[in-house]
file my_file.pdb (PDB, C-alpha atoms, pLDDT in the B column)
ATOM      1  CA  HIS Q 944     137.300 122.870 132.426  1.00 51.00           C
ATOM      2  CA  PHE Q 945     136.892 119.288 131.256  1.00 57.00           C
ATOM      3  CA  ASP Q 946     138.827 117.717 128.424  1.00 66.00           C
ATOM      4  CA  LEU Q 947     135.922 116.137 126.593  1.00 69.00           C
ATOM      5  CA  THR Q 948     135.707 115.180 122.967  1.00 75.00           C
ATOM      6  CA  ALA Q 949     132.480 115.437 121.037  1.00 74.00           C
ATOM      7  CA  GLY Q 950     130.367 112.321 121.440  1.00 80.00           C
ATOM      8  CA  GLU Q 951     132.077 111.153 124.649  1.00 85.00           C
ATOM      9  CA  TYR Q 952     129.301 112.049 127.063  1.00 91.00           C
ATOM     10  CA  VAL Q 953     125.541 111.934 127.534  1.00 93.00           C
ATOM     11  CA  LEU Q 954     123.557 114.799 129.027  1.00 93.00           C
ATOM     12  CA  ALA Q 955     120.656 113.897 131.329  1.00 95.00           C
ATOM     13  CA  ALA Q 956     118.824 116.734 133.066  1.00 94.00           C
ATOM     14  CA  ASN Q 957     115.600 118.162 134.412  1.00 92.00           C
ATOM     15  CA  ILE Q 958     115.930 121.673 133.011  1.00 88.00           C
ATOM     16  CA  PRO Q 959     114.012 124.875 133.777  1.00 85.00           C
ATOM     17  CA  TYR Q 960     111.155 125.137 131.292  1.00 84.00           C
ATOM     18  CA  TYR Q 961     111.664 128.808 130.512  1.00 88.00           C
ATOM     19  CA  ILE Q 962     115.176 128.238 129.073  1.00 92.00           C
ATOM     20  CA  THR Q 963     114.645 124.846 127.399  1.00 93.00           C
ATOM     21  CA  GLY Q 964     115.367 126.043 123.870  1.00 92.00           C
ATOM     22  CA  GLU Q 965     118.516 127.917 124.880  1.00 93.00           C
ATOM     23  CA  ILE Q 966     119.959 124.958 126.819  1.00 94.00           C
ATOM     24  CA  ILE Q 967     119.274 122.544 123.964  1.00 96.00           C
ATOM     25  CA  ARG Q 968     120.799 124.981 121.465  1.00 94.00           C
ATOM     26  CA  GLN Q 969     123.968 125.488 123.526  1.00 94.00           C
ATOM     27  CA  PHE Q 970     124.654 121.742 123.731  1.00 95.00           C
ATOM     28  CA  LEU Q 971     123.790 121.002 120.093  1.00 96.00           C
ATOM     29  CA  GLU Q 972     125.815 123.844 118.586  1.00 94.00           C
ATOM     30  CA  THR Q 973     128.985 123.407 120.638  1.00 92.00           C
ATOM     31  CA  ASP Q 974     132.031 121.720 119.140  1.00 90.00           C
ATOM     32  CA  CYS Q 975     131.964 119.320 122.094  1.00 91.00           C
ATOM     33  CA  GLN Q 976     128.482 117.889 121.593  1.00 94.00           C
ATOM     34  CA  PRO Q 977     127.073 115.110 123.763  1.00 95.00           C
ATOM     35  CA  ARG Q 978     126.381 111.758 122.092  1.00 94.00           C
ATOM     36  CA  ALA Q 979     122.798 111.961 123.333  1.00 96.00           C
ATOM     37  CA  MET Q 980     120.581 114.093 125.561  1.00 97.00           C
ATOM     38  CA  ALA Q 981     117.711 112.964 127.792  1.00 97.00           C
ATOM     39  CA  LEU Q 982     115.797 115.947 129.127  1.00 97.00           C
ATOM     40  CA  LEU Q 983     112.707 116.329 131.269  1.00 96.00           C
ATOM     41  CA  ILE Q 984     110.896 119.228 129.631  1.00 95.00           C
ATOM     42  CA  GLN Q 985     107.401 120.655 129.253  1.00 94.00           C
ATOM     43  CA  LYS Q 986     105.247 118.199 127.256  1.00 95.00           C
ATOM     44  CA  GLU Q 987     104.023 120.853 124.811  1.00 93.00           C
ATOM     45  CA  VAL Q 988     107.619 121.813 123.977  1.00 94.00           C
ATOM     46  CA  ALA Q 989     108.572 118.154 123.472  1.00 96.00           C
ATOM     47  CA  ASP Q 990     105.579 117.745 121.138  1.00 96.00           C
ATOM     48  CA  ARG Q 991     106.701 120.824 119.190  1.00 94.00           C
ATOM     49  CA  ILE Q 992     110.288 119.528 118.888  1.00 96.00           C
ATOM     50  CA  ILE Q 993     109.194 116.224 117.366  1.00 96.00           C
ATOM     51  CA  ALA Q 994     106.536 118.088 115.328  1.00 91.00           C
ATOM     52  CA  ARG Q 995     103.797 115.763 116.549  1.00 87.00           C
ATOM     53  CA  ASN Q 996     101.180 117.813 114.662  1.00 88.00           C
ATOM     54  CA  GLY Q 997     103.188 117.591 111.429  1.00 89.00           C
ATOM     55  CA  LYS Q 998     104.109 121.284 111.653  1.00 94.00           C
ATOM     56  CA  GLU Q 999     107.772 122.220 111.853  1.00 96.00           C
ATOM     57  CA  SER Q1000     109.193 125.164 113.807  1.00 95.00           C
ATOM     58  CA  ILE Q1001     112.593 126.780 114.168  1.00 95.00           C
ATOM     59  CA  LEU Q1002     113.062 124.681 117.312  1.00 94.00           C
ATOM     60  CA  SER Q1003     112.061 121.358 115.723  1.00 96.00           C
ATOM     61  CA  LEU Q1004     114.219 121.929 112.633  1.00 97.00           C
ATOM     62  CA  SER Q1005     117.164 123.017 114.776  1.00 96.00           C
ATOM     63  CA  VAL Q1006     117.037 119.887 116.913  1.00 97.00           C
ATOM     64  CA  LYS Q1007     116.515 117.563 113.928  1.00 98.00           C
ATOM     65  CA  ALA Q1008     119.489 119.103 112.099  1.00 98.00           C
ATOM     66  CA  TYR Q1009     121.758 117.822 114.886  1.00 98.00           C
ATOM     67  CA  GLY Q1010     120.085 114.616 116.069  1.00 97.00           C
ATOM     68  CA  THR Q1011     117.043 112.388 116.253  1.00 97.00           C
ATOM     69  CA  PRO Q1012     114.451 113.518 118.815  1.00 98.00           C
ATOM     70  CA  SER Q1013     111.788 111.280 120.347  1.00 97.00           C
ATOM     71  CA  ILE Q1014     109.543 111.319 123.389  1.00 97.00           C
ATOM     72  CA  VAL Q1015     110.352 108.286 125.524  1.00 97.00           C
ATOM     73  CA  ALA Q1016     107.901 108.925 128.363  1.00 96.00           C
ATOM     74  CA  LYS Q1017     105.213 111.315 129.506  1.00 96.00           C
ATOM     75  CA  VAL Q1018     105.317 112.487 133.110  1.00 94.00           C
ATOM     76  CA  SER Q1019     102.071 113.877 134.490  1.00 94.00           C
ATOM     77  CA  ARG Q1020     102.080 116.855 136.813  1.00 91.00           C
ATOM     78  CA  GLY Q1021     100.765 114.626 139.605  1.00 90.00           C
ATOM     79  CA  ASN Q1022     104.201 112.978 139.878  1.00 91.00           C
ATOM     80  CA  PHE Q1023     105.654 116.159 141.375  1.00 87.00           C
ATOM     81  CA  SER Q1024     105.182 117.800 144.745  1.00 88.00           C
ATOM     82  CA  PRO Q1025     104.089 120.482 144.560  1.00 89.00           C
ATOM     83  CA  PRO Q1026     102.584 119.733 141.135  1.00 87.00           C
ATOM     84  CA  PRO Q1027     103.477 122.181 138.340  1.00 87.00           C
ATOM     85  CA  SER Q1028     100.759 123.635 136.136  1.00 89.00           C
ATOM     86  CA  VAL Q1029     101.892 121.606 133.098  1.00 91.00           C
ATOM     87  CA  ASP Q1030     102.657 118.012 132.175  1.00 93.00           C
ATOM     88  CA  SER Q1031     106.206 116.985 131.321  1.00 95.00           C
ATOM     89  CA  ALA Q1032     107.884 114.575 128.930  1.00 96.00           C
ATOM     90  CA  ILE Q1033     111.279 112.960 128.670  1.00 97.00           C
ATOM     91  CA  LEU Q1034     112.778 114.018 125.355  1.00 97.00           C
ATOM     92  CA  LEU Q1035     115.599 111.878 124.000  1.00 98.00           C
ATOM     93  CA  ILE Q1036     117.853 113.333 121.320  1.00 98.00           C
ATOM     94  CA  LYS Q1037     120.193 110.660 120.008  1.00 97.00           C
ATOM     95  CA  ASP Q1038     122.757 110.351 117.220  1.00 96.00           C
ATOM     96  CA  ILE Q1039     123.896 113.920 117.861  1.00 96.00           C
ATOM     97  CA  SER Q1040     126.465 115.193 115.362  1.00 95.00           C
ATOM     98  CA  LYS Q1041     127.192 117.965 112.894  1.00 95.00           C
ATOM     99  CA  GLY Q1042     126.984 115.575 109.930  1.00 95.00           C
ATOM    100  CA  PHE Q1043     123.922 117.382 108.541  1.00 96.00           C
ATOM    101  CA  PHE Q1044     126.150 120.419 107.920  1.00 95.00           C
ATOM    102  CA  GLU Q1045     128.768 118.549 105.891  1.00 91.00           C
ATOM    103  CA  ASN Q1046     127.896 120.450 102.688  1.00 88.00           C
ATOM    104  CA  LEU Q1047     126.396 123.580 104.209  1.00 92.00           C
ATOM    105  CA  GLU Q1048     127.521 126.059 106.834  1.00 93.00           C
ATOM    106  CA  GLU Q1049     125.427 126.078 110.028  1.00 94.00           C
ATOM    107  CA  ASN Q1050     125.023 129.865 110.011  1.00 94.00           C
ATOM    108  CA  VAL Q1051     123.731 129.822 106.407  1.00 94.00           C
ATOM    109  CA  PHE Q1052     121.157 127.140 107.240  1.00 96.00           C
ATOM    110  CA  PHE Q1053     119.906 129.004 110.306  1.00 96.00           C
ATOM    111  CA  LYS Q1054     119.796 132.345 108.486  1.00 96.00           C
ATOM    112  CA  VAL Q1055     117.445 130.774 105.914  1.00 97.00           C
ATOM    113  CA  VAL Q1056     115.285 129.020 108.541  1.00 97.00           C
ATOM    114  CA  LYS Q1057     114.935 132.154 110.681  1.00 96.00           C
ATOM    115  CA  ALA Q1058     114.054 134.254 107.630  1.00 97.00           C
ATOM    116  CA  GLY Q1059     111.515 131.632 106.550  1.00 97.00           C
ATOM    117  CA  PHE Q1060     109.696 131.798 109.874  1.00 97.00           C
ATOM    118  CA  ALA Q1061     109.942 135.594 110.262  1.00 96.00           C
ATOM    119  CA  SER Q1062     106.216 136.253 109.740  1.00 92.00           C
ATOM    120  CA  LYS Q1063     104.019 133.321 110.710  1.00 83.00           C
ATOM    121  CA  ARG Q1064     101.047 134.235 108.520  1.00 85.00           C
ATOM    122  CA  LYS Q1065     103.032 134.830 105.336  1.00 91.00           C
ATOM    123  CA  PHE Q1066     103.966 132.281 102.707  1.00 95.00           C
ATOM    124  CA  LEU Q1067     107.555 131.034 102.882  1.00 97.00           C
ATOM    125  CA  ALA Q1068     108.505 132.675  99.565  1.00 96.00           C
ATOM    126  CA  ASN Q1069     107.427 136.113 100.855  1.00 96.00           C
ATOM    127  CA  ASN Q1070     109.377 135.725 104.106  1.00 96.00           C
ATOM    128  CA  LEU Q1071     112.527 134.591 102.300  1.00 96.00           C
ATOM    129  CA  GLY Q1072     112.133 137.292  99.654  1.00 95.00           C
ATOM    130  CA  VAL Q1073     112.641 140.007 102.276  1.00 94.00           C
ATOM    131  CA  VAL Q1074     116.156 138.720 103.034  1.00 94.00           C
ATOM    132  CA  PHE Q1075     117.275 137.038  99.807  1.00 94.00           C
ATOM    133  CA  GLY Q1076     115.330 138.892  97.099  1.00 94.00           C
ATOM    134  CA  LYS Q1077     112.344 137.700  95.090  1.00 94.00           C
ATOM    135  CA  GLU Q1078     114.341 136.481  92.068  1.00 94.00           C
ATOM    136  CA  SER Q1079     116.721 134.354  94.161  1.00 94.00           C
ATOM    137  CA  VAL Q1080     113.792 132.840  96.036  1.00 96.00           C
ATOM    138  CA  LEU Q1081     111.883 132.037  92.820  1.00 95.00           C
ATOM    139  CA  HIS Q1082     114.998 130.338  91.427  1.00 95.00           C
ATOM    140  CA  ALA Q1083     115.542 128.361  94.662  1.00 96.00           C
ATOM    141  CA  PHE Q1084     111.874 127.295  94.794  1.00 96.00           C
ATOM    142  CA  GLY Q1085     112.131 126.066  91.208  1.00 95.00           C
ATOM    143  CA  ALA Q1086     115.331 124.132  91.924  1.00 95.00           C
ATOM    144  CA  CYS Q1087     113.703 122.556  94.992  1.00 95.00           C
ATOM    145  CA  ASN Q1088     110.327 121.860  93.349  1.00 95.00           C
ATOM    146  CA  LEU Q1089     108.539 123.802  96.081  1.00 96.00           C
ATOM    147  CA  ALA Q1090     104.994 125.103  95.643  1.00 95.00           C
ATOM    148  CA  PRO Q1091     104.922 128.927  95.587  1.00 92.00           C
ATOM    149  CA  LYS Q1092     102.339 129.106  98.382  1.00 95.00           C
ATOM    150  CA  VAL Q1093     103.971 126.679 100.824  1.00 96.00           C
ATOM    151  CA  ARG Q1094     104.252 127.781 104.451  1.00 96.00           C
ATOM    152  CA  ALA Q1095     107.459 127.440 106.468  1.00 97.00           C
ATOM    153  CA  GLU Q1096     105.876 125.001 108.942  1.00 96.00           C
ATOM    154  CA  ASP Q1097     105.032 122.561 106.122  1.00 96.00           C
ATOM    155  CA  VAL Q1098     108.575 122.246 104.744  1.00 96.00           C
ATOM    156  CA  PRO Q1099     110.579 119.220 105.992  1.00 96.00           C
ATOM    157  CA  LEU Q1100     114.206 119.389 107.154  1.00 96.00           C
ATOM    158  CA  ASP Q1101     115.804 117.976 103.991  1.00 95.00           C
ATOM    159  CA  MET Q1102     114.013 120.578 101.865  1.00 96.00           C
ATOM    160  CA  TRP Q1103     115.212 123.387 104.151  1.00 97.00           C
ATOM    161  CA  LYS Q1104     118.758 122.164 103.544  1.00 96.00           C
ATOM    162  CA  LYS Q1105     118.241 122.259  99.765  1.00 96.00           C
ATOM    163  CA  LEU Q1106     116.699 125.728 100.018  1.00 96.00           C
ATOM    164  CA  ALA Q1107     119.599 127.019 102.119  1.00 96.00           C
ATOM    165  CA  TYR Q1108     122.070 125.572  99.629  1.00 95.00           C
ATOM    166  CA  GLU Q1109     120.291 127.223  96.690  1.00 95.00           C
ATOM    167  CA  LEU Q1110     119.875 130.574  98.451  1.00 94.00           C
ATOM    168  CA  SER Q1111     123.540 130.637  99.441  1.00 89.00           C
ATOM    169  CA  GLY Q1112     124.445 130.408  95.757  1.00 80.00           C
ATOM    170  CA  GLY Q1113     125.334 126.735  96.015  1.00 60.00           C
ATOM    171  CA  ILE Q1114     128.269 127.483  98.290  1.00 52.00           C
ATOM    172  CA  ALA Q1115     129.256 124.376 100.231  1.00 47.00           C
ATOM    173  CA  ALA Q1116     130.902 124.537 103.623  1.00 43.00           C
TER     174      ALA Q1116
END
call {"tool": "encode", "arguments": {"input": "my_file.pdb", "output": "structure tokens"}}
result
Amino acid sequence: HFDLTAGEYVLAANIPYYITGEIIRQFLETDCQPRAMALLIQKEVADRIIARNGKESILSLSVKAYGTPSIVAKVSRGNFSPPPSVDSAILLIKDISKGFFENLEENVFFKVVKAGFASKRKFLANNLGVVFGKESVLHAFGACNLAPKVRAEDVPLDMWKKLAYELSGGIAA
């Protein structure tokens, strides 16, 4: 057991691709967060985390809630022996903190995000309505100025925070 304080260390690793999301989550959610993380991960996952196509996901929103992700380098499969079947990228997550959750509990935020992405083909309001009720969702959408037919992937991080705040009844952390 190490006596580390949050923000006192940097994590640099080449992590197994099949548990990328879980490893990132464990280090971002802990009370003893690193200051930054530099990870060699599958290129497609790195692209999804920074939402290169403009479409958010649970993973991209989760990472952005804790820090600032960027791709600092691409690493082609030919740089490895034996070469893997995919290209890689070095993902940097800097400015890691829990500051985003100053006015909102983490579990409330993630409950809303997970509910919002529950059914990919449905509109966000329908997905949220299942968990929070149609009336609450209509009120929250009005307070956030969100279009009724918006999809979860098209909603930016700051709007998710407002939605979570409204759906939690305006209860601050």
call {"tool": "residues_around", "arguments": {"input": "my_file.pdb", "residues": "Asp990 in chain Q", "least_positions_apart": "2", "cutoff": "12 Å", "atoms": "all atoms listed in the file", "output": "PyMOL selection string"}}
result
chain Q and resi 984-988+992-1000+1002-1003+1012-1017+1030-1035
call {"tool": "atom_distance", "arguments": {"input": "my_file.pdb", "atom1": "CA of Arg991 in chain Q", "atom2": "CA of Met1102 in chain Q"}}
result
18.8 Å
call {"tool": "residues_around", "arguments": {"input": "my_file.pdb", "residues": "Cys975 in chain Q", "least_positions_apart": "2", "cutoff": "8 Å", "atoms": "only C-alpha atoms", "output": "PDB file with C-alpha atoms, in the frame of the given file"}}
result
ATOM      1  CA  LEU Q 947     135.922 116.137 126.593  1.00 69.00           C
ATOM      2  CA  THR Q 948     135.707 115.180 122.967  1.00 75.00           C
ATOM      3  CA  ALA Q 949     132.480 115.437 121.037  1.00 74.00           C
ATOM      4  CA  GLY Q 950     130.367 112.321 121.440  1.00 80.00           C
ATOM      5  CA  PHE Q 970     124.654 121.742 123.731  1.00 95.00           C
ATOM      6  CA  THR Q 973     128.985 123.407 120.638  1.00 92.00           C
ATOM      7  CA  PRO Q 977     127.073 115.110 123.763  1.00 95.00           C
TER       8      PRO Q 977
END
call {"tool": "closest_residue", "arguments": {"input": "my_file.pdb", "among": "Q:Glu965, Q:Gly1085, Q:Glu1078, Q:Ala1008", "to": "Gly1042 in chain Q", "atoms": "only C-alpha atoms"}}
result
Q:Ala1008
call {"tool": "atom_distance", "arguments": {"input": "my_file.pdb", "atom1": "CA of Phe1053 in chain Q", "atom2": "CA of Leu982 in chain Q"}}
result
23.3 Å
call {"tool": "resolve_selection", "arguments": {"input": "my_file.pdb", "expression": "the PyMOL selection byres ((chain Q and resi 959) around 12)", "output": "VMD selection string"}}
result
chain Q and resid 956 to 958 960 to 967 982 to 985 1027 1031
